[in-house]
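Participant: Here you go, final.cif (mmCIF, C-alpha atoms, pLDDT in the B column; chains and numbers go by the auth columns):
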```cif
data_data
#
loop_
_atom_site.group_PDB
_atom_site.id
_atom_site.type_symbol
_atom_site.label_atom_id
_atom_site.label_comp_id
_atom_site.label_asym_id
_atom_site.label_seq_id
_atom_site.Cartn_x
_atom_site.Cartn_y
_atom_site.Cartn_z
_atom_site.B_iso_or_equiv
_atom_site.auth_seq_id
_atom_site.auth_asym_id
ATOM 1 C CA MET A 1 81.346 99.840 84.748 47.00 5 A
ATOM 2 C CA SER A 2 81.761 103.529 83.915 47.00 6 A
ATOM 3 C CA GLN A 3 85.143 105.205 83.492 43.00 7 A
ATOM 4 C CA ARG A 4 84.320 107.462 86.436 42.00 8 A
ATOM 5 C CA SER A 5 83.587 104.450 88.637 42.00 9 A
ATOM 6 C CA ARG A 6 86.803 102.691 87.581 37.00 10 A
ATOM 7 C CA THR A 7 88.810 105.824 88.170 38.00 11 A
ATOM 8 C CA ALA A 8 87.209 106.282 91.581 38.00 12 A
ATOM 9 C CA ARG A 9 88.114 102.751 92.562 39.00 13 A
ATOM 10 C CA VAL A 10 91.686 103.262 91.394 34.00 14 A
ATOM 11 C CA SER A 11 91.795 106.463 93.411 38.00 15 A
ATOM 12 C CA LEU A 12 90.436 104.720 96.476 38.00 16 A
ATOM 13 C CA ALA A 13 93.114 102.076 96.094 38.00 17 A
ATOM 14 C CA LEU A 14 95.701 104.862 95.897 36.00 18 A
ATOM 15 C CA VAL A 15 94.435 106.404 99.120 39.00 19 A
ATOM 16 C CA CYS A 16 94.439 103.050 100.816 40.00 20 A
ATOM 17 C CA LEU A 17 97.972 102.344 99.638 35.00 21 A
ATOM 18 C CA LEU A 18 99.138 105.739 100.797 36.00 22 A
ATOM 19 C CA SER A 19 97.311 105.743 104.076 40.00 23 A
ATOM 20 C CA ALA A 20 98.268 102.726 105.546 35.00 24 A
ATOM 21 C CA SER A 21 100.671 98.746 108.420 31.00 25 A
ATOM 22 C CA ALA A 22 100.947 95.026 109.262 30.00 26 A
ATOM 23 C CA LEU A 23 98.844 94.066 112.205 28.00 27 A
ATOM 24 C CA ALA A 24 100.215 90.750 113.306 29.00 28 A
ATOM 25 C CA SER A 25 97.431 89.156 115.228 31.00 29 A
ATOM 26 C CA CYS A 26 98.287 86.080 117.143 31.00 30 A
ATOM 27 C CA SER A 27 95.767 83.999 118.976 32.00 31 A
ATOM 28 C CA PRO A 28 96.865 81.077 121.040 34.00 32 A
ATOM 29 C CA GLY A 29 95.299 77.824 120.011 37.00 33 A
ATOM 30 C CA ASP A 30 93.320 75.747 122.472 38.00 34 A
ATOM 31 C CA ALA A 31 95.860 73.390 123.909 37.00 35 A
ATOM 32 C CA GLU A 32 94.367 70.109 124.984 38.00 36 A
ATOM 33 C CA ALA A 33 95.568 68.744 128.294 38.00 37 A
ATOM 34 C CA ASP A 34 97.041 65.298 128.386 38.00 38 A
ATOM 35 C CA PRO A 35 94.167 63.123 129.687 38.00 39 A
ATOM 36 C CA SER A 36 96.480 61.129 131.972 38.00 40 A
ATOM 37 C CA PRO A 37 99.366 63.246 133.192 39.00 41 A
ATOM 38 C CA THR A 38 102.178 61.406 134.905 37.00 42 A
ATOM 39 C CA PRO A 39 103.472 63.041 138.071 38.00 43 A
ATOM 40 C CA THR A 40 107.190 63.640 138.068 33.00 44 A
ATOM 41 C CA SER A 41 107.549 64.379 141.759 34.00 45 A
ATOM 42 C CA VAL A 42 105.806 63.295 144.922 36.00 46 A
ATOM 43 C CA LYS A 43 106.784 66.490 146.690 38.00 47 A
ATOM 44 C CA PRO A 44 104.452 69.424 146.070 40.00 48 A
ATOM 45 C CA SER A 45 106.299 72.235 144.443 42.00 49 A
ATOM 46 C CA SER A 46 106.150 75.663 145.940 46.00 50 A
ATOM 47 C CA PRO A 47 104.666 78.371 143.755 49.00 51 A
ATOM 48 C CA THR A 48 107.201 80.613 142.098 48.00 52 A
ATOM 49 C CA ALA A 49 106.616 84.254 141.499 50.00 53 A
ATOM 50 C CA THR A 50 106.359 85.256 137.875 49.00 54 A
ATOM 51 C CA PRO A 51 108.282 88.442 137.281 51.00 55 A
ATOM 52 C CA THR A 52 106.151 91.315 136.096 51.00 56 A
ATOM 53 C CA PRO A 53 107.496 92.680 132.844 60.00 57 A
ATOM 54 C CA THR A 54 108.634 96.240 133.200 62.00 58 A
ATOM 55 C CA THR A 55 108.826 98.781 130.462 77.00 59 A
ATOM 56 C CA ASP A 56 111.671 101.222 130.351 89.00 60 A
ATOM 57 C CA PRO A 57 110.125 104.641 131.101 93.00 61 A
ATOM 58 C CA GLU A 58 111.847 106.119 128.036 93.00 62 A
ATOM 59 C CA VAL A 59 110.370 103.401 125.808 94.00 63 A
ATOM 60 C CA ALA A 60 106.926 103.902 127.367 96.00 64 A
ATOM 61 C CA ALA A 61 107.163 107.655 126.739 96.00 65 A
ATOM 62 C CA ALA A 62 108.274 107.013 123.153 97.00 66 A
ATOM 63 C CA GLN A 63 105.374 104.593 122.586 98.00 67 A
ATOM 64 C CA ALA A 64 102.886 107.183 123.850 98.00 68 A
ATOM 65 C CA ALA A 65 104.404 109.873 121.598 98.00 69 A
ATOM 66 C CA ILE A 66 104.373 107.512 118.608 99.00 70 A
ATOM 67 C CA LEU A 67 100.704 106.662 119.143 99.00 71 A
ATOM 68 C CA ASP A 68 99.899 110.377 119.488 99.00 72 A
ATOM 69 C CA ALA A 69 101.682 111.039 116.181 99.00 73 A
ATOM 70 C CA TYR A 70 99.908 108.121 114.500 99.00 74 A
ATOM 71 C CA ARG A 71 96.465 109.190 115.697 99.00 75 A
ATOM 72 C CA GLY A 72 97.256 112.815 114.834 99.00 76 A
ATOM 73 C CA PHE A 73 98.282 111.770 111.326 99.00 77 A
ATOM 74 C CA TRP A 74 95.008 109.899 110.819 99.00 78 A
ATOM 75 C CA ALA A 75 92.954 112.781 112.255 98.00 79 A
ATOM 76 C CA ALA A 76 94.643 115.270 109.905 98.00 80 A
ATOM 77 C CA GLN A 77 94.297 112.916 106.935 98.00 81 A
ATOM 78 C CA THR A 78 90.619 112.317 107.710 98.00 82 A
ATOM 79 C CA THR A 79 89.983 116.069 107.885 98.00 83 A
ATOM 80 C CA ALA A 80 91.892 116.689 104.647 98.00 84 A
ATOM 81 C CA LEU A 81 90.106 113.957 102.679 98.00 85 A
ATOM 82 C CA GLY A 82 86.753 115.141 104.021 98.00 86 A
ATOM 83 C CA ASP A 83 87.218 118.347 102.018 97.00 87 A
ATOM 84 C CA PRO A 84 89.950 117.820 99.411 97.00 88 A
ATOM 85 C CA VAL A 85 89.487 121.270 97.844 95.00 89 A
ATOM 86 C CA ALA A 86 90.430 123.010 101.100 96.00 90 A
ATOM 87 C CA GLU A 87 94.015 123.403 102.245 95.00 91 A
ATOM 88 C CA PRO A 88 95.144 120.423 104.324 95.00 92 A
ATOM 89 C CA PRO A 89 95.155 121.073 108.063 97.00 93 A
ATOM 90 C CA ALA A 90 98.430 122.311 109.554 97.00 94 A
ATOM 91 C CA GLU A 91 98.420 119.268 111.853 97.00 95 A
ATOM 92 C CA LEU A 92 99.316 117.100 108.869 98.00 96 A
ATOM 93 C CA ALA A 93 102.799 118.644 108.750 97.00 97 A
ATOM 94 C CA VAL A 94 103.105 118.229 112.523 98.00 98 A
ATOM 95 C CA HIS A 95 102.454 114.474 112.407 98.00 99 A
ATOM 96 C CA ALA A 96 103.676 113.351 108.963 98.00 100 A
ATOM 97 C CA VAL A 97 106.804 113.653 106.840 98.00 101 A
ATOM 98 C CA ASP A 98 108.256 112.077 103.730 98.00 102 A
ATOM 99 C CA LYS A 99 106.089 109.384 102.101 98.00 103 A
ATOM 100 C CA ALA A 100 103.208 109.718 104.574 98.00 104 A
ATOM 101 C CA PHE A 101 102.920 113.470 103.954 98.00 105 A
ATOM 102 C CA ALA A 102 103.369 113.141 100.188 98.00 106 A
ATOM 103 C CA GLY A 103 100.852 110.302 100.018 97.00 107 A
ATOM 104 C CA VAL A 104 98.104 112.428 101.511 98.00 108 A
ATOM 105 C CA GLY A 105 98.966 115.208 99.049 97.00 109 A
ATOM 106 C CA GLU A 106 98.698 112.811 96.107 97.00 110 A
ATOM 107 C CA ALA A 107 95.376 111.478 97.380 97.00 111 A
ATOM 108 C CA LEU A 108 94.048 115.024 97.756 98.00 112 A
ATOM 109 C CA PHE A 109 95.026 115.817 94.178 97.00 113 A
ATOM 110 C CA GLU A 110 93.197 112.729 92.871 97.00 114 A
ATOM 111 C CA TYR A 111 90.134 113.337 95.018 97.00 115 A
ATOM 112 C CA ARG A 112 89.907 116.949 93.836 97.00 116 A
ATOM 113 C CA ARG A 113 90.247 115.834 90.230 97.00 117 A
ATOM 114 C CA GLN A 114 87.558 113.174 90.572 97.00 118 A
ATOM 115 C CA GLY A 115 85.184 115.070 92.856 98.00 119 A
ATOM 116 C CA ILE A 116 85.436 112.543 95.690 98.00 120 A
ATOM 117 C CA VAL A 117 85.187 113.253 99.414 98.00 121 A
ATOM 118 C CA MET A 118 85.498 110.943 102.406 98.00 122 A
ATOM 119 C CA VAL A 119 82.563 110.966 104.811 98.00 123 A
ATOM 120 C CA GLY A 120 82.815 109.907 108.452 98.00 124 A
ATOM 121 C CA ALA A 121 85.939 108.721 110.216 98.00 125 A
ATOM 122 C CA PRO A 122 87.906 105.479 110.499 98.00 126 A
ATOM 123 C CA THR A 123 88.262 103.521 113.727 98.00 127 A
ATOM 124 C CA LEU A 124 91.846 102.834 114.743 98.00 128 A
ATOM 125 C CA ASP A 125 93.388 100.220 117.027 98.00 129 A
ATOM 126 C CA PRO A 126 97.157 100.847 116.763 99.00 130 A
ATOM 127 C CA VAL A 127 99.921 99.026 118.612 98.00 131 A
ATOM 128 C CA VAL A 128 103.576 100.047 118.701 98.00 132 A
ATOM 129 C CA ASP A 129 105.444 96.846 117.832 97.00 133 A
ATOM 130 C CA THR A 130 108.999 98.065 118.084 97.00 134 A
ATOM 131 C CA VAL A 131 110.900 101.114 119.213 98.00 135 A
ATOM 132 C CA ASP A 132 114.578 101.340 118.320 97.00 136 A
ATOM 133 C CA ARG A 133 116.041 104.135 120.405 93.00 137 A
ATOM 134 C CA ALA A 134 119.450 103.795 118.749 95.00 138 A
ATOM 135 C CA THR A 135 118.046 104.681 115.307 97.00 139 A
ATOM 136 C CA SER A 136 115.023 106.681 116.552 97.00 140 A
ATOM 137 C CA THR A 137 112.653 104.521 114.525 98.00 141 A
ATOM 138 C CA ALA A 138 109.504 102.601 115.363 99.00 142 A
ATOM 139 C CA HIS A 139 106.925 100.345 113.760 99.00 143 A
ATOM 140 C CA VAL A 140 103.165 100.459 114.334 99.00 144 A
ATOM 141 C CA THR A 141 100.525 97.936 113.325 99.00 145 A
ATOM 142 C CA ASP A 142 96.833 98.660 113.169 98.00 146 A
ATOM 143 C CA CYS A 143 93.520 97.220 112.097 98.00 147 A
ATOM 144 C CA VAL A 144 91.854 100.224 110.489 98.00 148 A
ATOM 145 C CA ASP A 145 88.082 99.933 110.277 98.00 149 A
ATOM 146 C CA SER A 146 86.653 102.151 107.543 97.00 150 A
ATOM 147 C CA SER A 147 83.054 100.970 107.983 96.00 151 A
ATOM 148 C CA ASP A 148 82.121 104.524 108.981 97.00 152 A
ATOM 149 C CA TRP A 149 84.573 106.267 106.618 97.00 153 A
ATOM 150 C CA THR A 150 83.426 106.051 103.024 96.00 154 A
ATOM 151 C CA PRO A 151 84.257 107.769 99.739 97.00 155 A
ATOM 152 C CA ILE A 152 81.429 109.423 97.838 98.00 156 A
ATOM 153 C CA PHE A 153 81.160 111.584 94.738 98.00 157 A
ATOM 154 C CA ARG A 154 80.670 115.137 96.001 96.00 158 A
ATOM 155 C CA ASP A 155 78.176 116.144 93.298 96.00 159 A
ATOM 156 C CA THR A 156 75.910 113.092 93.388 97.00 160 A
ATOM 157 C CA GLY A 157 76.447 111.564 96.827 96.00 161 A
ATOM 158 C CA GLU A 158 76.924 108.173 95.145 97.00 162 A
ATOM 159 C CA SER A 159 79.385 105.749 96.658 96.00 163 A
ATOM 160 C CA ALA A 160 82.881 105.734 95.195 95.00 164 A
ATOM 161 C CA ALA A 161 83.966 102.714 97.254 93.00 165 A
ATOM 162 C CA ALA A 162 85.624 99.691 95.703 88.00 166 A
ATOM 163 C CA GLU A 163 83.319 96.683 95.577 88.00 167 A
ATOM 164 C CA ASN A 164 84.026 93.611 97.708 88.00 168 A
ATOM 165 C CA GLN A 165 86.755 95.314 99.746 87.00 169 A
ATOM 166 C CA SER A 166 86.872 94.496 103.441 92.00 170 A
ATOM 167 C CA PRO A 167 86.277 97.617 105.524 95.00 171 A
ATOM 168 C CA ARG A 168 88.794 96.363 108.119 96.00 172 A
ATOM 169 C CA LEU A 169 92.362 96.138 106.859 97.00 173 A
ATOM 170 C CA VAL A 170 95.807 95.697 108.349 98.00 174 A
ATOM 171 C CA VAL A 171 97.916 98.844 108.184 98.00 175 A
ATOM 172 C CA GLU A 172 101.620 99.295 108.895 99.00 176 A
ATOM 173 C CA ALA A 173 103.239 102.590 109.804 99.00 177 A
ATOM 174 C CA TRP A 174 106.852 103.552 110.299 99.00 178 A
ATOM 175 C CA ALA A 175 107.704 106.398 112.642 99.00 179 A
ATOM 176 C CA ILE A 176 110.895 108.403 113.097 99.00 180 A
ATOM 177 C CA VAL A 177 112.099 111.230 115.266 98.00 181 A
ATOM 178 C CA TYR A 178 112.131 114.393 113.180 98.00 182 A
ATOM 179 C CA ASP A 179 112.845 117.867 114.518 97.00 183 A
ATOM 180 C CA GLY A 180 112.741 116.527 118.078 97.00 184 A
ATOM 181 C CA ARG A 181 109.363 114.768 117.853 98.00 185 A
ATOM 182 C CA TRP A 182 107.957 111.438 116.700 99.00 186 A
ATOM 183 C CA VAL A 183 106.265 111.626 113.288 99.00 187 A
ATOM 184 C CA ILE A 184 104.852 109.140 110.809 99.00 188 A
ATOM 185 C CA ARG A 185 107.202 108.639 107.863 99.00 189 A
ATOM 186 C CA GLU A 186 105.344 106.011 105.839 98.00 190 A
ATOM 187 C CA THR A 187 102.153 103.979 105.908 98.00 191 A
ATOM 188 C CA LEU A 188 101.120 100.892 104.011 97.00 192 A
ATOM 189 C CA ILE A 189 97.666 99.351 103.854 95.00 193 A
ATOM 190 C CA HIS A 190 97.396 95.647 103.136 96.00 194 A
ATOM 191 C CA ARG A 191 94.262 95.308 101.014 92.00 195 A
ATOM 192 C CA ASP A 192 94.677 91.525 100.992 93.00 196 A
ATOM 193 C CA ARG A 193 94.776 91.257 104.800 95.00 197 A
ATOM 194 C CA PRO A 194 91.416 91.851 106.435 95.00 198 A
ATOM 195 C CA CYS A 195 91.461 91.965 110.207 96.00 199 A
#
```
Using the file provided, produce a representation of the structure as structure tokens.

Facilitator:
Amino acid sequence: MSQRSRTARVSLALVCLLSASALASCSPGDAEADPSPTPTSVKPSSPTATPTPTTDPEVAAAQAAILDAYRGFWAAQTTALGDPVAEPPAELAVHAVDKAFAGVGEALFEYRRQGIVMVGAPTLDPVVDTVDRATSTAHVTDCVDSSDWTPIFRDTGESAAAENQSPRLVVEAWAIVYDGRWVIRETLIHRDRPC
């Protein structure tokens, strides 16, 4: 393996580590019915209404704003990594702060140095897990599919992707309210958790 290839893979790992959340997927198991249920009452029970869960309108508005910030962050990051020698789009500063913003900057530096660009775009499927209005924080999980978002060497067009890495990985993101708006503060990709 060439030094350039190793360095590219390390760089890709850096981008993945900087771009990334834990998507907790739960699937109910198939519960088998008891083959001979024993009735407990001879009287038919009347159906009871199941209450419909309601979402606080403020929480719903926060969730929508958080998802907008998350998608905006990824759109800005995708644009920036598509042409690392250009200035990052202004939208990056609108949607990201702190570690998320710095992480994209570090990735851009490495991509410029190594002559790597990202081609295409990832597919996102984010869910806001929690919103804490008291602390103005939130947590997002996602299964980011990078099947159509790949790193290549700009000069040769050769792939710079890490071998044997799942294109679909769990990503966690933490959001905060900053300057009156929801922004992404940090992301973490779980390279060992395909989804």

Participant: Pull out every residue that the PyMOL selection byres ((chain A and resi 194) around 7) matches in the shown coordinates and put them as an MDAnalysis selection string.

Facilitator: chainID A and resid 25 173:175 192:193 195:197

Participant: Here's the selection I'm unsure about, the PyMOL selection byres ((chain A and resi 115-121) around 10); applied to the file above, which residues does it give, as number ranges by chain?

Facilitator: A: 8-9, 11-12, 15-16, 19, 82, 84-90, 109-114, 122-124, 154-164

Participant: Between atom CA of Ser150 of chain A and atom CA of Ala106 of chain A, what distance in Å does the model show, to one decimal?

Facilitator: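 Atom-to-atom, atom CA of Ser150 of chain A and atom CA of Ala106 of chain A are spaced 21.3 Å apart.
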
Participant: Using the chain letters and numbers from the file, which residues does the PyMOL selection byres ((chain A and resi 179) around 8) grab, as a ChimeraX atom specification?

Facilitator: /A:70,141-144,177-178,180-181,186-190

Participant: For atom CA of Ala100 of chain A and atom CA of Glu167 of chain A, determine how far apart the two atoms are, in Å to one decimal place.

Facilitator: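 These two atoms are separated by 29.5 Å.
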
Participant: So how far away is atom CA of Pro61 of chain A from atom CA of Asp129 of chain A, in Å?

Facilitator: 22.3 Å

Participant: Taking all atoms listed in the file into account, which of A:Pro171, A:Asp136, A:Thr127, A:Tyr182 comes nearest Ala97 of chain A?

Facilitator: A:Tyr182

Participant: Can you write segment 145-173 of chain A from the block above with C-alpha atoms, as a short mmCIF file (atom, residue, chain, number, x, y, z; two decimals), in the first residue's frame?

Facilitator:
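Contents of the output file out_5.cif:
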```cif
data_model
loop_
_atom_site.label_atom_id
_atom_site.label_comp_id
_atom_site.auth_asym_id
_atom_site.auth_seq_id
_atom_site.Cartn_x
_atom_site.Cartn_y
_atom_site.Cartn_z
CA THR A 145 -29.09 10.12 15.47
CA ASP A 146 -28.69 9.28 11.82
CA CYS A 147 -27.78 6.49 9.45
CA VAL A 148 -25.62 8.31 6.92
CA ASP A 149 -25.33 6.50 3.60
CA SER A 150 -22.21 7.54 1.70
CA SER A 151 -22.73 5.09 -1.18
CA ASP A 152 -23.07 8.08 -3.52
CA TRP A 153 -20.52 10.30 -1.72
CA THR A 154 -16.98 9.12 -2.33
CA PRO A 155 -13.48 10.52 -1.91
CA ILE A 156 -11.23 10.61 -4.95
CA PHE A 157 -7.79 12.01 -5.73
CA ARG A 158 -8.40 15.21 -7.69
CA ASP A 159 -5.49 14.73 -10.10
CA THR A 160 -6.03 11.07 -10.99
CA GLY A 161 -9.70 10.41 -10.25
CA GLU A 162 -8.64 7.28 -8.33
CA SER A 163 -10.63 6.30 -5.28
CA ALA A 164 -9.31 7.47 -1.92
CA ALA A 165 -11.90 5.47 0.04
CA ALA A 166 -10.95 3.17 2.89
CA GLU A 167 -11.27 -0.49 1.96
CA ASN A 168 -13.92 -2.67 3.59
CA GLN A 169 -15.73 0.26 5.23
CA SER A 170 -19.51 0.10 5.29
CA PRO A 171 -21.00 2.99 3.32
CA ARG A 172 -23.85 3.24 5.86
CA LEU A 173 -22.77 4.29 9.34
#
```
